[in-house]
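Below is one structure, written out as structure tokens, with a few remarks after it.
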Amino acid sequence: MKKFDLELMVGLFILAGIICLGYLSIKLGKMEVLGGKGYEVYAIFSNIGGLKTGSSIEVAGVDMGRVKSITLDNYQARVVLNLPWSLKIQEDAIASVKTKGLIGEKYIEITPGGSEKVIEPGGRMRETQPAVDLEELISKFVFGKI
Amino acid sequence: MSLPYLFRTLVSLLLVVGVTAPVLAGKPTEQIQQTTDKILSIVKDPALKGPSKAQERRGSVRKAVDERFDWEEMARRSLGRYWAQRTAEEKREFVRLFSELVERTYMGKVEDYSGEKVRYEGETIDGDYAVVKVIIMTQKNKDISVDYRLQKEGTGWLVYDVSIEGVSLVNNYRTQFNSIILQSSYENLLKRLKVKVARE
């Protein structure tokens, strides 16, 4: 009888450990279970310069959401953004692909607009600004002078 | 015999009307091309060369640009969330200052014209919005890509944003205006705009 109790305790302990581990990996990996919260809008970029699924979306530097998926649509990047319900995006808001620092990771910055019309869930953010290719810009200045 | 014939004429008539109707409104690329050609002809015009004619030349260029640019829409988008808080009078003043700022900033570039060529790379139309892609080829063989974003306004298309090398003009001004308003006030932004416009 006593032996059975010990085994039960160990089993419960390990189960609790596994649950903790699962919770941690979901929290740290910023994964979403059960479809996630908020709503989705999409945007078409001519170049996203290596933006990845899960990259952050910032408004005024505040982390407000994640990139849900990236697909190629007619040789352009179609990016689905997952945003919280509390954040309304105006129709003339601009989504731009930016880099953290000079060579850091890519993220999407949204500059809010002034329109009264708000983008509905599933709608499209029309105004986008692609990633600026620093290398190309530098080469234009370097080689342009010949 | 006559019924199918009638039917066929009717269908072809419908087709012709259906095809020509959008053409009457003018395609975005055609309208951009028209304005570009107009400005180029002013800049190239030997009768308007020389410093003594600078005023006249600037006036004609400005007129050509005004026809194609929707300054109010551009100013509204640049001011972003703060636009709605302004009175009608303030909005008018802001639009005037904004258009002068943009024109003064870019007029110098137009005056420096030295045989650059413009290549039209196609357009995408989505309802009442369109993007026209243009490449400006300089003589040093540097290609500069410019995207015009247009909105349908009545029968024509008007520009509300210009992206040069992917950097949007409206976004650039929007972040600057927003940070100035946040740091000080709208009045301070107006003051700075006035100083900038008067200086150049």
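Identifiers for the structure tokens are assigned positionally: chains receive A, B, ... in sequence, residues are indexed from 1 per chain, and ligands are indexed from 1 in the order shown.
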>> Residues of chain A classed as strand (DSSP E) by DSSP on the backbone are to be reported as JSON, numbers by chain.
In response: {"A": [39, 40, 41, 42, 43, 44, 45, 56, 57, 58, 59, 62, 63, 64, 65, 66, 67, 68, 69, 70, 71, 72, 73, 76, 77, 78, 79, 80, 81, 82, 83, 94, 95, 96, 97, 98, 99, 106, 107, 108, 109, 110, 111, 124, 125, 127, 128, 129]}
>> I'd like the neighbourhood of segment 63-79 of chain A as a PyMOL selection string, where a residue qualifies if any of its atoms comes within 8 Å (using only C-alpha atoms), though same-chain residues fewer than 6 positions away should be ignored.
In response: chain A and resi 42-48+52-57
> Neighbours of segment 137-152 of chain B within 9 Å (only C-alpha atoms; same-chain residues fewer than 3 positions away dropped), as a ChimeraX atom specification?
Replying inline: /A:127,140-141,143-146 /B:28,32,69-70,114-119,127-134,155-166,168
Those same residues - N, CA and C atoms - I'd like them written as a CSV table (one decimal), in the first residue's frame.
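As a result, out18.csv now contains:
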chain,number,residue,atom,x,y,z
A,127,GLU,N,-1.7,50.7,-47.5
A,127,GLU,CA,-0.5,51.5,-47.5
A,127,GLU,C,0.6,50.7,-46.9
A,140,LYS,N,24.4,52.1,-54.7
A,140,LYS,CA,24.0,53.2,-55.6
A,140,LYS,C,24.9,54.4,-55.4
A,141,PHE,N,25.2,54.7,-54.2
A,141,PHE,CA,26.0,55.8,-53.9
A,141,PHE,C,27.5,55.5,-54.3
A,143,PHE,N,28.7,53.1,-56.5
A,143,PHE,CA,29.0,52.9,-57.9
A,143,PHE,C,28.5,54.0,-58.8
A,144,GLY,N,27.6,54.7,-58.3
A,144,GLY,CA,27.0,55.8,-59.1
A,144,GLY,C,27.9,56.9,-59.5
A,145,LYS,N,29.0,57.0,-58.7
A,145,LYS,CA,29.9,58.1,-58.9
A,145,LYS,C,30.9,57.9,-60.1
A,146,ILE,N,30.9,56.7,-60.6
A,146,ILE,CA,31.9,56.4,-61.7
A,146,ILE,C,31.6,57.3,-62.9
B,28,PRO,N,-4.3,55.6,-64.9
B,28,PRO,CA,-3.4,56.3,-64.0
B,28,PRO,C,-2.0,56.6,-64.6
B,32,ILE,N,-0.1,60.2,-65.1
B,32,ILE,CA,1.2,60.5,-64.6
B,32,ILE,C,2.1,60.9,-65.7
B,69,PHE,N,-1.6,66.5,-58.1
B,69,PHE,CA,-1.5,66.1,-56.7
B,69,PHE,C,-2.7,66.6,-55.8
B,70,ASP,N,-3.1,65.7,-55.0
B,70,ASP,CA,-4.2,65.9,-54.1
B,70,ASP,C,-3.6,66.4,-52.8
B,114,SER,N,18.9,67.2,-65.6
B,114,SER,CA,20.0,67.1,-66.6
B,114,SER,C,19.8,65.9,-67.4
B,115,GLY,N,18.7,65.8,-68.1
B,115,GLY,CA,18.5,64.8,-69.1
B,115,GLY,C,18.2,63.4,-68.6
B,116,GLU,N,17.6,63.3,-67.4
B,116,GLU,CA,17.1,62.1,-66.8
B,116,GLU,C,16.0,61.6,-67.7
B,117,LYS,N,15.9,60.2,-67.8
B,117,LYS,CA,14.8,59.7,-68.5
B,117,LYS,C,13.8,58.9,-67.6
B,118,VAL,N,12.6,58.9,-68.0
B,118,VAL,CA,11.6,58.3,-67.2
B,118,VAL,C,11.0,57.0,-67.9
B,119,ARG,N,11.0,55.9,-67.2
B,119,ARG,CA,10.5,54.6,-67.7
B,119,ARG,C,9.3,54.2,-66.9
B,127,GLY,N,-9.8,48.9,-57.3
B,127,GLY,CA,-11.0,49.7,-57.1
B,127,GLY,C,-10.6,51.2,-57.4
B,128,ASP,N,-10.8,52.0,-56.3
B,128,ASP,CA,-10.5,53.4,-56.5
B,128,ASP,C,-9.1,53.8,-56.2
B,129,TYR,N,-8.2,52.8,-56.1
B,129,TYR,CA,-6.8,53.1,-55.7
B,129,TYR,C,-5.9,52.5,-56.8
B,130,ALA,N,-4.8,53.1,-57.0
B,130,ALA,CA,-3.9,52.6,-58.0
B,130,ALA,C,-2.4,53.0,-57.6
B,131,VAL,N,-1.5,52.1,-58.1
B,131,VAL,CA,-0.1,52.4,-57.9
B,131,VAL,C,0.6,52.4,-59.3
B,132,VAL,N,1.3,53.4,-59.6
B,132,VAL,CA,2.0,53.5,-60.8
B,132,VAL,C,3.5,53.5,-60.5
B,133,LYS,N,4.2,52.5,-61.1
B,133,LYS,CA,5.6,52.3,-60.9
B,133,LYS,C,6.4,53.0,-62.0
B,134,VAL,N,7.4,53.8,-61.6
B,134,VAL,CA,8.2,54.6,-62.5
B,134,VAL,C,9.6,54.4,-62.1
B,155,THR,N,-13.3,62.0,-62.6
B,155,THR,CA,-12.9,61.4,-63.9
B,155,THR,C,-11.4,61.1,-63.9
B,156,GLY,N,-10.7,61.8,-63.0
B,156,GLY,CA,-9.2,61.7,-63.0
B,156,GLY,C,-8.6,60.9,-61.8
B,157,TRP,N,-7.3,60.7,-61.9
B,157,TRP,CA,-6.6,60.1,-60.8
B,157,TRP,C,-5.7,61.1,-60.2
B,158,LEU,N,-5.7,61.2,-58.8
B,158,LEU,CA,-4.9,62.2,-58.2
B,158,LEU,C,-3.9,61.5,-57.2
B,159,VAL,N,-2.7,62.0,-57.2
B,159,VAL,CA,-1.6,61.4,-56.4
B,159,VAL,C,-1.8,61.8,-54.9
B,160,TYR,N,-1.8,60.8,-54.0
B,160,TYR,CA,-1.8,61.1,-52.6
B,160,TYR,C,-0.6,60.7,-51.8
B,161,ASP,N,0.3,59.9,-52.5
B,161,ASP,CA,1.6,59.6,-51.8
B,161,ASP,C,2.6,59.2,-52.9
B,162,VAL,N,3.8,59.5,-52.6
B,162,VAL,CA,4.9,59.2,-53.5
B,162,VAL,C,6.0,58.4,-52.7
B,163,SER,N,6.4,57.3,-53.2
B,163,SER,CA,7.5,56.5,-52.5
B,163,SER,C,8.7,56.6,-53.4
B,164,ILE,N,9.8,57.0,-52.8
B,164,ILE,CA,11.1,57.0,-53.6
B,164,ILE,C,11.9,56.0,-53.0
B,165,GLU,N,12.4,55.0,-53.8
B,165,GLU,CA,13.2,53.9,-53.3
B,165,GLU,C,12.5,53.2,-52.1
B,166,GLY,N,11.1,53.1,-52.2
B,166,GLY,CA,10.4,52.4,-51.2
B,166,GLY,C,10.1,53.2,-49.9
B,168,SER,N,8.2,56.1,-48.2
B,168,SER,CA,7.0,56.9,-48.5
B,168,SER,C,7.1,58.3,-47.9
Select from chain A every residue with an atom at most 6 Å from any atom of chain B, then for each give the shortest pair of atoms and their distance in Å to one decimal, using only C-alpha atoms, rows by chain and rising number, as a tab-separated table.
residue	atom	partner	partner_atom	distance
A:Gly113	CA	B:Gly80	CA	4.3
A:Gly114	CA	B:Gly80	CA	4.0
A:Gln129	CA	B:Gly166	CA	5.9
A:Pro130	CA	B:Gly166	CA	5.8
A:Gly144	CA	B:Lys142	CA	5.9
>> Excluding Lys44 of chain B and its own-chain neighbours fewer than 4 positions away, which residues fall within 12 Å of it when counting only C-alpha atoms? Please give them as a list of chain:residue names.
In response: B:Asp37, B:Lys38, B:Ile39, B:Leu40, B:Leu48, B:Lys49, B:Gly50, B:Arg57, B:Val61, B:Val110, B:Glu111, B:Asp112, B:Tyr113, B:Ser114, B:Gly115, B:Glu116
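Near Glu187 of chain B, within a cut-off of 12 Å and counting only C-alpha atoms, sit the residues Arg86, Glu90, Glu93, Phe94, Phe177, Ile180, Ile181, Leu182, Arg192, Leu193 and Lys194 of chain B, with same-chain residues fewer than 5 positions away left out.
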> Between atom CA of Asp92 of chain A and atom CA of Glu116 of chain A, what is the distance, to one decimal in Å?
Replying inline: 9.2 Å
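Every protein or nucleic acid residue with an atom no more than 7 Å from segment 96-100 of chain A, counting only C-alpha atoms and leaving out same-chain residues fewer than 4 positions away, appears here: Ile48, Gly104, Glu105, Lys106, Tyr107, Ile108, Glu109, Ile110, Thr128, Gln129, Pro130 and Ala131 of chain A.
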Dump as an mmCIF file, in the first residue's frame, selection limited to N, CA and C atoms:
data_model
loop_
_atom_site.group_PDB
_atom_site.id
_atom_site.type_symbol
_atom_site.label_atom_id
_atom_site.label_comp_id
_atom_site.auth_asym_id
_atom_site.auth_seq_id
_atom_site.Cartn_x
_atom_site.Cartn_y
_atom_site.Cartn_z
ATOM 1 N N ILE A 48 9.971 42.122 -48.315
ATOM 2 C CA ILE A 48 9.922 42.143 -46.855
ATOM 3 C C ILE A 48 11.302 41.903 -46.250
ATOM 4 N N GLY A 104 19.843 44.316 -37.322
ATOM 5 C CA GLY A 104 19.014 43.501 -36.448
ATOM 6 C C GLY A 104 17.884 42.801 -37.165
ATOM 7 N N GLU A 105 16.968 42.210 -36.374
ATOM 8 C CA GLU A 105 15.866 41.472 -36.969
ATOM 9 C C GLU A 105 14.823 42.424 -37.552
ATOM 10 N N LYS A 106 14.013 41.872 -38.429
ATOM 11 C CA LYS A 106 12.993 42.684 -39.089
ATOM 12 C C LYS A 106 11.697 42.664 -38.277
ATOM 13 N N TYR A 107 10.970 43.765 -38.307
ATOM 14 C CA TYR A 107 9.661 43.818 -37.684
ATOM 15 C C TYR A 107 8.775 44.770 -38.481
ATOM 16 N N ILE A 108 7.487 44.765 -38.155
ATOM 17 C CA ILE A 108 6.565 45.648 -38.873
ATOM 18 C C ILE A 108 6.146 46.784 -37.956
ATOM 19 N N GLU A 109 6.287 47.985 -38.451
ATOM 20 C CA GLU A 109 5.886 49.169 -37.692
ATOM 21 C C GLU A 109 4.639 49.742 -38.353
ATOM 22 N N ILE A 110 3.632 49.990 -37.537
ATOM 23 C CA ILE A 110 2.410 50.601 -38.082
ATOM 24 C C ILE A 110 2.333 52.038 -37.594
ATOM 25 N N THR A 128 1.597 50.327 -47.714
ATOM 26 C CA THR A 128 2.733 49.594 -47.163
ATOM 27 C C THR A 128 4.036 50.200 -47.654
ATOM 28 N N GLN A 129 5.073 49.940 -46.891
ATOM 29 C CA GLN A 129 6.393 50.432 -47.263
ATOM 30 C C GLN A 129 7.346 49.250 -47.148
ATOM 31 N N PRO A 130 7.980 48.843 -48.245
ATOM 32 C CA PRO A 130 8.837 47.656 -48.197
ATOM 33 C C PRO A 130 10.111 47.899 -47.398
ATOM 34 N N ALA A 131 10.824 46.808 -47.141
ATOM 35 C CA ALA A 131 12.094 46.910 -46.433
ATOM 36 C C ALA A 131 13.077 47.701 -47.290
#
